[in-house]
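Asker: The structure that follows is given in the form of structure tokens.
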Amino acid sequence: MADEKTFTEEIKVSGQQLVETVKNLVHEANVRHLIIKNEKGEKLIEVPVSVAGVGVILLPVLAALGALAAVVTNCTIVVVKERQ
């Protein structure tokens, strides 16, 4: 997925911080994709972030992340960003 126009960043968070961290990331203009992984590195959820559809897409995703946060203790958010 990564090419010369994008780069990735990994953020380790606790389950309690998951929803708030994702909310903050979605508001960054250069974020294109979010991948949530568990402690074992297994992909739990993958969310494309489009600027136009953030409001419509974000509500069900946040609900799913809230449920996910209740069952995971620690996770990693892989953030795919566009180079400026």
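Every chain in the structure tokens has a letter given in the order shown (A, B, ...), and although residue numbers restart at 1 in each chain, ligands are simply numbered from 1 in the order shown.
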Got a sec: who's within 12 Å of Glu9 (chain A), counting only C-alpha atoms, leaving out chain neighbours fewer than 3 positions off, as a VMD selection string?
Answerer: chain A and resid 2 6 12 25 31 to 36 76 to 83
Asker: Grab the residues selected above and save them as a compact mmCIF listing (two decimals), in the first residue's frame with C-alpha atoms.
Answerer:
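Contents of the output file result.txt:
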```txt
# COMPACT_ATOMS: atom_id res chain seq x y z
CA ALA A 2 2.84 2.40 0.77
CA THR A 6 2.43 7.99 1.42
CA LYS A 12 0.45 2.11 20.44
CA LEU A 25 -6.37 11.31 13.70
CA VAL A 31 -4.50 10.84 7.04
CA ARG A 32 -5.75 8.47 4.34
CA HIS A 33 -6.15 5.10 6.05
CA LEU A 34 -6.31 3.62 9.58
CA ILE A 35 -5.62 0.02 10.55
CA ILE A 36 -6.25 -1.20 14.10
CA THR A 76 -1.64 -0.49 17.58
CA ILE A 77 -3.05 2.07 15.17
CA VAL A 78 -1.29 2.05 11.82
CA VAL A 79 -1.81 5.43 10.21
CA VAL A 80 -1.24 5.84 6.46
CA LYS A 81 -0.54 9.49 5.70
CA GLU A 82 -0.04 11.41 2.50
CA ARG A 83 3.26 13.24 2.17
```
Asker: Considering only C-alpha atoms, state which residue in the set A:Val72, A:Ile11, A:Leu18, A:Val26 is at the smallest distance from Leu58 (chain A).
Answerer: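 For Leu58 (chain A), the nearest of the given residues is A:Val26.
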Asker: Using Å and a single decimal, report how far CA of Val19 (chain A) sits from CA of Asn38 (chain A).
Answerer: 14.4 Å
Asker: I need the residues in chain A that are alpha helix (DSSP H) according to DSSP; give them as a list in words.
Answerer: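 So, restricting chain A to alpha helix (DSSP H), we get Leu18, Val19, Glu20, Thr21, Val22, Lys23, Asn24, Leu25, Val26, Val54, Gly55, Val56, Ile57, Leu58, Leu59, Pro60, Val61, Leu62, Ala63, Ala64, Leu65, Gly66, Ala67, Leu68, Ala69, Ala70 and Val71 of chain A.
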Asker: With only C-alpha atoms as the atoms that count, which of A:Phe7, A:Pro48, A:Glu42, A:Leu62 lies nearest to Val22 (chain A)?
Answerer: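 Among A:Phe7, A:Pro48, A:Glu42, A:Leu62, it is A:Leu62 that comes nearest to Val22 (chain A).
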